$ cat upload19.tsv   # TSV, C-alpha atoms
chain	number	residue	atom	x	y	z
S	1	MET	CA	19.14	7.41	4.98
S	2	HIS	CA	17.15	10.64	5.17
S	3	PRO	CA	16.42	11.60	8.82
S	4	MET	CA	12.65	11.64	8.23
S	5	LEU	CA	12.81	8.24	6.56
S	6	ASN	CA	14.88	6.91	9.45
S	7	THR	CA	12.16	8.07	11.86
S	8	ALA	CA	9.49	6.37	9.75
S	9	VAL	CA	11.48	3.13	9.77
S	10	LYS	CA	11.77	3.34	13.56
S	11	ALA	CA	8.00	3.84	13.79
S	12	ALA	CA	7.29	0.91	11.45
S	13	ARG	CA	9.53	-1.40	13.46
S	14	ARG	CA	7.87	-0.30	16.70
S	15	ALA	CA	4.48	-1.17	15.22
S	16	ALA	CA	5.78	-4.47	13.84
S	17	SER	CA	6.93	-5.57	17.29
S	18	ILE	CA	3.33	-5.18	18.51
S	19	ILE	CA	1.99	-7.03	15.48
S	20	ASN	CA	4.48	-9.88	15.77
S	21	ARG	CA	3.74	-10.45	19.46
S	22	ALA	CA	0.02	-10.65	18.73
S	23	SER	CA	0.54	-13.03	15.80
S	24	PHE	CA	1.79	-15.75	18.16
S	25	ASP	CA	-1.67	-15.97	19.77
S	26	ILE	CA	-3.98	-14.60	17.12
S	27	GLU	CA	-7.07	-16.25	18.62
S	28	ARG	CA	-6.90	-13.83	21.57
S	29	VAL	CA	-6.99	-10.72	19.38
S	30	LYS	CA	-10.26	-8.76	19.60
S	31	VAL	CA	-11.81	-8.13	16.18
S	32	THR	CA	-14.45	-5.55	15.29
S	33	GLU	CA	-16.25	-5.30	11.95
S	34	LYS	CA	-16.22	-1.67	10.73
S	35	GLY	CA	-18.34	-2.59	7.72
S	36	HIS	CA	-19.07	-5.53	5.47
S	37	ASN	CA	-15.81	-7.51	5.19
S	38	ASP	CA	-13.92	-4.56	6.69
S	39	PHE	CA	-12.26	-5.45	9.99
S	40	VAL	CA	-10.21	-3.69	12.63
S	41	THR	CA	-8.43	-5.21	15.61
S	42	GLU	CA	-7.06	-3.88	18.85
S	43	ILE	CA	-3.64	-4.55	17.30
S	44	ASP	CA	-4.35	-2.17	14.39
S	45	GLN	CA	-5.15	0.50	16.93
S	46	ALA	CA	-2.16	-0.21	19.19
S	47	ALA	CA	0.23	-0.32	16.23
S	48	GLU	CA	-1.14	2.95	14.86
S	49	GLN	CA	-0.73	4.69	18.20
S	50	ALA	CA	2.85	3.43	18.44
S	51	ILE	CA	3.60	4.86	15.00
S	52	ILE	CA	2.02	8.20	15.81
S	53	GLU	CA	3.91	8.43	19.10
S	54	VAL	CA	7.26	7.96	17.36
S	55	LEU	CA	6.43	10.44	14.59
S	56	LYS	CA	4.96	13.11	16.88
S	57	THR	CA	7.89	12.85	19.28
S	58	ALA	CA	10.26	13.64	16.43
S	59	TYR	CA	7.99	16.04	14.56
S	60	PRO	CA	5.32	17.47	16.89
S	61	ASP	CA	4.05	20.00	14.35
S	62	HIS	CA	3.44	17.47	11.57
S	63	ALA	CA	-0.11	16.42	10.69
S	64	ILE	CA	-1.40	12.86	10.64
S	65	LEU	CA	-3.78	11.00	8.32
S	66	ALA	CA	-4.23	7.48	9.66
S	67	GLU	CA	-6.63	4.68	8.84
S	68	GLU	CA	-7.98	4.07	12.33
S	69	SER	CA	-7.81	7.46	14.06
S	70	GLY	CA	-8.38	9.58	10.96
S	71	ALA	CA	-7.02	13.09	10.48
S	72	SER	CA	-5.28	15.06	13.22
S	73	SER	CA	-6.73	18.42	14.20
S	74	ASN	CA	-3.89	20.29	12.44
S	75	LEU	CA	-4.47	18.60	9.08
S	76	HIS	CA	-5.36	21.36	6.62
S	77	ASP	CA	-4.20	22.70	3.28
S	78	GLU	CA	-1.52	24.92	4.81
S	79	ASN	CA	0.22	22.06	6.61
S	80	GLU	CA	3.33	21.17	4.63
S	81	ASN	CA	4.02	17.83	6.32
S	82	VAL	CA	1.43	15.04	6.58
S	83	TRP	CA	2.22	11.49	7.67
S	84	ILE	CA	-0.08	8.95	5.99
S	85	ILE	CA	-0.36	5.73	8.00
S	86	ASP	CA	-1.83	2.26	7.58
S	87	PRO	CA	-0.81	0.29	10.69
S	88	ILE	CA	-1.79	-3.10	9.21
S	89	ASP	CA	-2.62	-3.25	5.54
S	90	GLY	CA	-4.13	-6.69	5.14
S	91	THR	CA	-5.98	-6.94	8.46
S	92	THR	CA	-8.20	-9.77	7.20
S	93	ASN	CA	-5.07	-11.75	6.35
S	94	PHE	CA	-3.61	-10.95	9.78
S	95	ILE	CA	-6.61	-12.18	11.76
S	96	HIS	CA	-6.57	-15.44	9.81
S	97	GLY	CA	-2.84	-15.99	10.30
S	98	PHE	CA	-2.27	-15.61	6.56
S	99	PRO	CA	1.24	-14.08	6.34
S	100	GLN	CA	0.61	-11.30	3.85
S	101	TYR	CA	0.23	-7.94	5.58
S	102	CYS	CA	2.40	-4.92	6.25
S	103	VAL	CA	2.91	-1.57	7.94
S	104	SER	CA	2.71	1.38	5.55
S	105	ILE	CA	3.96	4.90	6.34
S	106	ALA	CA	4.41	7.81	3.92
S	107	LEU	CA	5.26	11.48	4.30
S	108	GLN	CA	3.48	13.96	2.06
S	109	GLN	CA	5.10	17.39	1.76
S	110	ARG	CA	3.32	20.17	-0.12
S	111	GLY	CA	1.16	17.60	-1.87
S	112	GLN	CA	3.97	15.26	-2.92
S	113	ILE	CA	4.96	11.95	-1.33
S	114	THR	CA	8.62	12.32	-0.36
S	115	GLN	CA	9.30	9.45	2.08
S	116	ALA	CA	7.92	5.90	2.11
S	117	VAL	CA	8.19	2.79	4.24
S	118	VAL	CA	6.42	-0.52	3.66
S	119	TYR	CA	7.46	-3.13	6.20
S	120	ASP	CA	6.47	-6.80	6.07
S	121	PRO	CA	6.98	-8.10	9.61
S	122	THR	CA	6.46	-11.75	8.63
S	123	ARG	CA	9.46	-11.75	6.26
S	124	ASN	CA	11.42	-8.83	7.75
S	125	ASP	CA	11.23	-7.15	4.34
S	126	LEU	CA	11.81	-3.41	4.66
S	127	PHE	CA	10.94	-1.39	1.54
S	128	THR	CA	12.02	2.26	1.68
S	129	ALA	CA	12.18	5.25	-0.65
S	130	THR	CA	13.07	8.92	-0.56
S	131	LYS	CA	11.96	11.09	-3.46
S	132	GLY	CA	14.84	11.49	-5.88
S	133	ALA	CA	17.05	8.94	-4.10
S	134	GLY	CA	15.74	5.57	-5.33
S	135	ALA	CA	13.86	2.68	-3.77
S	136	TYR	CA	15.36	-0.05	-1.60
S	137	LEU	CA	14.57	-3.45	-0.13
S	138	ASN	CA	16.62	-4.15	2.98
S	139	GLU	CA	19.08	-1.44	1.87
S	140	LYS	CA	19.57	-2.97	-1.59
S	141	ARG	CA	18.48	-0.88	-4.59
S	142	ILE	CA	15.41	-2.24	-6.37
S	143	ARG	CA	13.97	-1.71	-9.85
S	144	VAL	CA	10.68	-2.59	-11.49
S	145	GLY	CA	10.60	-5.71	-13.66
S	146	ARG	CA	12.10	-5.85	-17.13
S	147	ARG	CA	9.32	-7.78	-18.83
S	148	ASP	CA	7.74	-5.70	-21.57
S	149	ARG	CA	4.96	-7.97	-22.86
S	150	MET	CA	1.64	-8.48	-21.07
S	151	ALA	CA	1.65	-12.12	-22.15
S	152	GLU	CA	4.67	-12.65	-19.88
S	153	ALA	CA	3.57	-10.39	-17.02
S	154	LEU	CA	2.47	-11.40	-13.52
S	155	ILE	CA	-0.14	-8.90	-12.37
S	156	GLY	CA	-1.47	-8.20	-8.88
S	157	THR	CA	-5.01	-7.08	-8.17
S	158	GLY	CA	-7.59	-6.60	-5.44
S	159	PHE	CA	-11.20	-7.70	-5.33
S	160	PRO	CA	-14.04	-5.27	-4.46
S	161	PHE	CA	-14.62	-6.60	-0.95
S	162	ARG	CA	-16.66	-3.65	0.39
S	163	ASP	CA	-18.82	-2.69	-2.59
S	164	LYS	CA	-20.30	-5.88	-3.98
S	165	ALA	CA	-22.09	-3.82	-6.66
S	166	ALA	CA	-18.67	-3.33	-8.25
S	167	LEU	CA	-18.14	-7.08	-8.60
S	168	ASP	CA	-19.72	-7.37	-12.05
S	169	GLU	CA	-17.42	-4.69	-13.43
S	170	TYR	CA	-14.45	-6.33	-11.76
S	171	MET	CA	-15.27	-9.68	-13.33
S	172	GLN	CA	-15.09	-8.02	-16.75
S	173	MET	CA	-11.65	-6.66	-15.90
S	174	PHE	CA	-10.62	-10.03	-14.49
S	175	ARG	CA	-11.54	-11.75	-17.74
S	176	ILE	CA	-9.67	-9.23	-19.89
S	177	MET	CA	-6.52	-9.36	-17.78
S	178	THR	CA	-6.59	-13.15	-17.40
S	179	GLU	CA	-6.71	-13.52	-21.17
S	180	LYS	CA	-3.85	-11.07	-21.73
S	181	CYS	CA	-1.32	-11.71	-18.93
S	182	ALA	CA	0.66	-14.68	-17.65
S	183	GLY	CA	-1.19	-14.74	-14.33
S	184	LEU	CA	-3.21	-12.74	-11.80
S	185	ARG	CA	-2.55	-12.72	-8.06
S	186	ARG	CA	-4.68	-11.33	-5.22
S	187	PRO	CA	-2.64	-11.54	-1.99
S	188	GLY	CA	-4.86	-9.07	-0.11
S	189	ALA	CA	-2.57	-6.22	0.98
S	190	ALA	CA	-2.39	-3.43	-1.60
S	191	ALA	CA	0.55	-1.58	-0.03
S	192	LEU	CA	2.62	-4.75	-0.14
S	193	ASP	CA	1.45	-5.51	-3.69
S	194	LEU	CA	2.69	-2.08	-4.77
S	195	ALA	CA	6.01	-2.71	-3.03
S	196	TYR	CA	6.26	-5.99	-4.96
S	197	VAL	CA	5.81	-4.07	-8.22
S	198	ALA	CA	8.68	-1.81	-7.18
S	199	ALA	CA	10.86	-4.85	-6.48
S	200	GLY	CA	9.93	-6.62	-9.73
S	201	ARG	CA	8.10	-9.43	-7.96
S	202	LEU	CA	4.95	-8.32	-9.76
S	203	ASP	CA	5.03	-6.63	-13.16
S	204	GLY	CA	1.89	-4.60	-12.53
S	205	PHE	CA	-1.04	-3.99	-10.22
S	206	PHE	CA	-4.59	-2.64	-10.49
S	207	GLU	CA	-7.42	-2.09	-8.04
S	208	LYS	CA	-10.44	0.16	-7.53
S	209	GLY	CA	-11.80	1.57	-4.29
S	210	LEU	CA	-8.56	1.99	-2.34
S	211	GLN	CA	-7.84	4.58	0.34
S	212	THR	CA	-4.99	7.09	0.37
S	213	TRP	CA	-3.12	5.15	3.05
S	214	ASP	CA	-3.26	1.99	0.93
S	215	MET	CA	-1.37	3.66	-1.92
S	216	ALA	CA	0.79	6.51	-0.63
S	217	ALA	CA	3.97	4.69	0.37
S	218	GLY	CA	3.78	2.09	-2.40
S	219	SER	CA	3.34	4.74	-5.07
S	220	LEU	CA	6.66	6.39	-4.20
S	221	LEU	CA	8.43	3.03	-4.06
S	222	ILE	CA	7.30	2.34	-7.63
S	223	THR	CA	8.21	5.69	-9.12
S	224	GLU	CA	11.61	5.65	-7.42
S	225	ALA	CA	12.12	2.11	-8.80
S	226	GLY	CA	11.51	3.34	-12.35
S	227	GLY	CA	7.81	2.50	-12.66
S	228	ILE	CA	4.66	4.50	-13.25
S	229	VAL	CA	1.53	4.92	-11.13
S	230	GLY	CA	-1.76	6.41	-12.29
S	231	ASN	CA	-5.49	5.92	-12.43
S	232	PHE	CA	-7.15	3.63	-14.96
S	233	ALA	CA	-6.83	6.34	-17.62
S	234	GLY	CA	-3.15	6.76	-16.85
S	235	GLU	CA	-3.63	10.10	-15.11
S	236	SER	CA	-2.00	11.17	-11.86
S	237	ASP	CA	-5.01	11.84	-9.61
S	238	TYR	CA	-5.18	8.30	-8.19
S	239	LEU	CA	-4.10	9.09	-4.62
S	240	TYR	CA	-7.42	10.61	-3.55
S	241	LYS	CA	-9.66	8.99	-6.18
S	242	GLY	CA	-8.98	5.40	-5.08
S	243	ASN	CA	-8.46	3.74	-8.46
S	244	VAL	CA	-4.85	2.77	-9.09
S	245	LEU	CA	-2.89	1.14	-11.86
S	246	ALA	CA	0.86	0.62	-11.62
S	247	GLY	CA	3.70	-1.13	-13.36
S	248	SER	CA	6.91	-0.86	-15.29
S	249	PRO	CA	6.57	1.73	-18.08
S	250	LYS	CA	5.77	-0.67	-20.93
S	251	ILE	CA	3.46	-2.87	-18.84
S	252	PHE	CA	1.74	0.24	-17.45
S	253	ALA	CA	1.01	1.49	-20.96
S	254	GLN	CA	-0.48	-1.85	-21.98
S	255	MET	CA	-2.59	-2.02	-18.83
S	256	VAL	CA	-3.95	1.48	-19.45
S	257	ASN	CA	-4.89	0.40	-22.97
S	258	LEU	CA	-6.81	-2.59	-21.58
S	259	LEU	CA	-8.41	-0.98	-18.53
S	260	SER	CA	-9.09	2.64	-19.56
S	261	PRO	CA	-12.72	1.73	-20.49
S	262	PHE	CA	-13.22	1.15	-16.72
S	263	ALA	CA	-11.74	4.51	-15.72
S	264	LYS	CA	-15.06	6.02	-14.56
$ encode --input "upload19.tsv" --output "C-alpha cells"
Amino acid sequence: MHPMLNTAVKAARRAASIINRASFDIERVKVTEKGHNDFVTEIDQAAEQAIIEVLKTAYPDHAILAEESGASSNLHDENENVWIIDPIDGTTNFIHGFPQYCVSIALQQRGQITQAVVYDPTRNDLFTATKGAGAYLNEKRIRVGRRDRMAEALIGTGFPFRDKAALDEYMQMFRIMTEKCAGLRRPGAAALDLAYVAAGRLDGFFEKGLQTWDMAAGSLLITEAGGIVGNFAGESDYLYKGNVLAGSPKIFAQMVNLLSPFAK
C-alpha cells in the first residue's frame, strides 16, 4: 500500500472509532442544521479533526479541504498536495441510525486525485485506490459491473435535498431512468454510492448539486476499477461543478445519452 494511502486509511479508521462510539447512543449526539435538510453533528466535527490531525502529523505542509472546517490557510493553486475530506458522508442517515454512511478521504496532487479511501464503519468495508494501481475492497481487487444493458442495470442516485427548485427537473430524470433501467436506489451517501459502482454493487450513479468532498475519493475508485466518471454531458469537469454521472463504460455511455439534456 502506498505510504500516503496508508496514512489516509489510518485517519479514516481513527474517525470511524469516534463515529462508532457515538452510534451506540445516537440520541445524545448534538445536531445543528446548517441549512434546509443539511445537518452537522458534533461527531462530524470531532471525526474531521481526528482525520486532519493524523494527516497533518504525517504531512504538515499539505493543504486541507474539508466539509466542516473548509479550506486550510495554505490552500492555493501552487500547493501540490490537497487532502479532500468528508468526515461523515450521509450525516442524515447517521443521526437516524440508518446504517448507510461513510468516511471519505482523497488526496489531490497537481489537480489529479491520486489516493482515495472510502470507509463504511457499519460494515467494516474499506475501499481504497491509488492512481495507476487499481481499486480494492478490504484488500481484494474490485472491478465495475459487467452488465452492458440499461434494462438490466441497477442505478444509484441522489435527490435534490437542499434546492427544492431542482425537484421538478429531477422528477423528469427519475421518470426517464425508471423506465430504462432495472431499478433506482437512493441510499443517501454519495461517496459510498460511488464506491458501490466501483465494486459492481451498482452499475451506475447520477446526482446533481454535490460537493467536491462527496465525489473526490469515489471518482478515483471508479476509474481505477475500470469505470468512467463525468458530468451529465460526459465531460471531465464534474469535480468542481457538482453534477456527476458514473458507471461501467457501456452503462456510462447509455446514461450520458439519456441524461445529457439535463447537463446545464
$ closest_atom_pairs --input "upload19.tsv" --of "region 104-170 of chain S" --to "region 240-259 of chain S" --cutoff "9 Å" --atoms "only C-alpha atoms" --output "CSV"
residue,atom,partner,partner_atom,distance
S:Arg143,CA,S:Ser248,CA,9.0
S:Val144,CA,S:Ser248,CA,5.6
S:Gly145,CA,S:Ser248,CA,6.3
S:Arg146,CA,S:Ser248,CA,7.4
S:Arg147,CA,S:Ile251,CA,7.6
S:Asp148,CA,S:Lys250,CA,5.4
S:Arg149,CA,S:Ile251,CA,6.7
S:Met150,CA,S:Ile251,CA,6.3
S:Ala153,CA,S:Ile251,CA,7.7
S:Ile155,CA,S:Gly247,CA,8.7
$ write_last_selection --input "upload19.tsv" --atoms "C-alpha atoms" --output "mmCIF file, in the coordinates of the input"
data_model
loop_
_atom_site.group_PDB
_atom_site.id
_atom_site.type_symbol
_atom_site.label_atom_id
_atom_site.label_comp_id
_atom_site.auth_asym_id
_atom_site.auth_seq_id
_atom_site.Cartn_x
_atom_site.Cartn_y
_atom_site.Cartn_z
ATOM 1 C CA ARG S 143 13.970 -1.710 -9.850
ATOM 2 C CA VAL S 144 10.680 -2.590 -11.490
ATOM 3 C CA GLY S 145 10.600 -5.710 -13.660
ATOM 4 C CA ARG S 146 12.100 -5.850 -17.130
ATOM 5 C CA ARG S 147 9.320 -7.780 -18.830
ATOM 6 C CA ASP S 148 7.740 -5.700 -21.570
ATOM 7 C CA ARG S 149 4.960 -7.970 -22.860
ATOM 8 C CA MET S 150 1.640 -8.480 -21.070
ATOM 9 C CA ALA S 153 3.570 -10.390 -17.020
ATOM 10 C CA ILE S 155 -0.140 -8.900 -12.370
#
$ residues_around --input "upload19.tsv" --residues "Gly134 (chain S)" --least-positions-apart "3" --cutoff "9 Å" --atoms "all atoms listed in the file" --output "NGL selection string"
:S and (128-131 or 141-143 or 221 or 223-226)
$ closest_residue --input "upload19.tsv" --among "S:Ser219, S:Ser72, S:Asn20, S:Gln112" --to "Pro99 (chain S)" --atoms "only C-alpha atoms"
S:Asn20
$ closest_residue --input "upload19.tsv" --among "S:Val40, S:Ala151, S:Leu210, S:Leu239" --to "Gly111 (chain S)" --atoms "all atoms listed in the file"
S:Leu239
$ atom_distance --input "upload19.tsv" --atom1 "CA of Ala216 (chain S)" --atom2 "CA of Ile26 (chain S)"
28.0 Å
$ residues_near_point --input "upload19.tsv" --point "(-4.5, 17.5, 9.4)" --cutoff "12 Å" --atoms "all atoms listed in the file" --output "VMD selection string"
chain S and resid 61 to 66 69 to 84 108
$ atom_distance --input "upload19.tsv" --atom1 "CA of Lys180 (chain S)" --atom2 "CA of Tyr196 (chain S)"
20.2 Å
$ atom_distance --input "upload19.tsv" --atom1 "CA of Ser104 (chain S)" --atom2 "CA of Tyr119 (chain S)"
6.6 Å
$ residues_around --input "upload19.tsv" --residues "Glu27 (chain S)" --least-positions-apart "2" --cutoff "12 Å" --atoms "all atoms listed in the file" --output "ChimeraX atom specification"
/S:22-25,29-31,41,94-97
$ residues_around --input "upload19.tsv" --residues "Gly156 (chain S)" --least-positions-apart "2" --cutoff "7 Å" --atoms "only C-alpha atoms" --output "ChimeraX atom specification"
/S:154,184-186,193,202,204-206
$ closest_residue --input "upload19.tsv" --among "S:Gln100, S:Thr7, S:Thr114, S:Thr92" --to "Thr57 (chain S)" --atoms "only C-alpha atoms"
S:Thr7
$ closest_residue --input "upload19.tsv" --among "S:Leu126, S:Ala191, S:Ala135, S:Gly158" --to "Pro87 (chain S)" --atoms "all atoms listed in the file"
S:Ala191
$ closest_residue --input "upload19.tsv" --among "S:Ala190, S:Leu220, S:Val229, S:Ala16" --to "Phe159 (chain S)" --atoms "all atoms listed in the file"
S:Ala190
$ closest_residue --input "upload19.tsv" --among "S:Asp168, S:Tyr136, S:Leu194, S:Glu152" --to "Cys181 (chain S)" --atoms "all atoms listed in the file"
S:Glu152
$ residues_around --input "upload19.tsv" --residues "Lys264 (chain S)" --least-positions-apart "2" --cutoff "12 Å" --atoms "all atoms listed in the file" --output "short mmCIF file (atom, residue, chain, number, x, y, z; two decimals) with C-alpha atoms, keeping the file's coordinate frame"
data_model
loop_
_atom_site.label_atom_id
_atom_site.label_comp_id
_atom_site.auth_asym_id
_atom_site.auth_seq_id
_atom_site.Cartn_x
_atom_site.Cartn_y
_atom_site.Cartn_z
CA ALA S 166 -18.67 -3.33 -8.25
CA GLU S 169 -17.42 -4.69 -13.43
CA LYS S 208 -10.44 0.16 -7.53
CA GLY S 209 -11.80 1.57 -4.29
CA ASN S 231 -5.49 5.92 -12.43
CA PHE S 232 -7.15 3.63 -14.96
CA ALA S 233 -6.83 6.34 -17.62
CA TYR S 238 -5.18 8.30 -8.19
CA LYS S 241 -9.66 8.99 -6.18
CA GLY S 242 -8.98 5.40 -5.08
CA ASN S 243 -8.46 3.74 -8.46
CA LEU S 259 -8.41 -0.98 -18.53
CA SER S 260 -9.09 2.64 -19.56
CA PRO S 261 -12.72 1.73 -20.49
CA PHE S 262 -13.22 1.15 -16.72
#
$ build_atoms --input "upload19.tsv" --residues "region 192-209 of chain S" --atoms "N, CA and C atoms" --output "tab-separated table (two decimals), keeping the file's coordinate frame"
chain	number	residue	atom	x	y	z
S	192	LEU	N	1.57	-3.77	0.10
S	192	LEU	CA	2.62	-4.75	-0.14
S	192	LEU	C	2.65	-5.15	-1.62
S	193	ASP	N	1.49	-5.23	-2.25
S	193	ASP	CA	1.45	-5.51	-3.69
S	193	ASP	C	2.20	-4.44	-4.47
S	194	LEU	N	2.00	-3.18	-4.11
S	194	LEU	CA	2.69	-2.08	-4.77
S	194	LEU	C	4.20	-2.16	-4.53
S	195	ALA	N	4.59	-2.52	-3.32
S	195	ALA	CA	6.01	-2.71	-3.03
S	195	ALA	C	6.60	-3.83	-3.88
S	196	TYR	N	5.80	-4.87	-4.12
S	196	TYR	CA	6.26	-5.99	-4.96
S	196	TYR	C	6.44	-5.54	-6.41
S	197	VAL	N	5.60	-4.62	-6.88
S	197	VAL	CA	5.81	-4.07	-8.22
S	197	VAL	C	7.14	-3.32	-8.27
S	198	ALA	N	7.42	-2.55	-7.23
S	198	ALA	CA	8.68	-1.81	-7.18
S	198	ALA	C	9.89	-2.73	-7.20
S	199	ALA	N	9.74	-3.89	-6.57
S	199	ALA	CA	10.86	-4.85	-6.48
S	199	ALA	C	10.91	-5.82	-7.65
S	200	GLY	N	9.95	-5.72	-8.59
S	200	GLY	CA	9.93	-6.62	-9.73
S	200	GLY	C	9.34	-7.98	-9.46
S	201	ARG	N	8.75	-8.16	-8.28
S	201	ARG	CA	8.10	-9.43	-7.96
S	201	ARG	C	6.76	-9.56	-8.68
S	202	LEU	N	6.12	-8.42	-8.90
S	202	LEU	CA	4.95	-8.32	-9.76
S	202	LEU	C	5.30	-7.33	-10.87
S	203	ASP	N	4.76	-7.55	-12.05
S	203	ASP	CA	5.03	-6.63	-13.16
S	203	ASP	C	4.04	-5.48	-13.21
S	204	GLY	N	2.89	-5.65	-12.56
S	204	GLY	CA	1.89	-4.60	-12.53
S	204	GLY	C	0.86	-4.86	-11.47
S	205	PHE	N	0.00	-3.87	-11.24
S	205	PHE	CA	-1.04	-3.99	-10.22
S	205	PHE	C	-2.20	-3.07	-10.59
S	206	PHE	N	-3.43	-3.52	-10.30
S	206	PHE	CA	-4.59	-2.64	-10.49
S	206	PHE	C	-5.64	-2.96	-9.43
S	207	GLU	N	-6.32	-1.91	-8.98
S	207	GLU	CA	-7.42	-2.09	-8.04
S	207	GLU	C	-8.25	-0.81	-7.99
S	208	LYS	N	-9.54	-0.97	-7.74
S	208	LYS	CA	-10.44	0.16	-7.53
S	208	LYS	C	-10.86	0.22	-6.06
S	209	GLY	N	-11.22	1.41	-5.62
S	209	GLY	CA	-11.80	1.57	-4.29
S	209	GLY	C	-10.81	1.57	-3.15
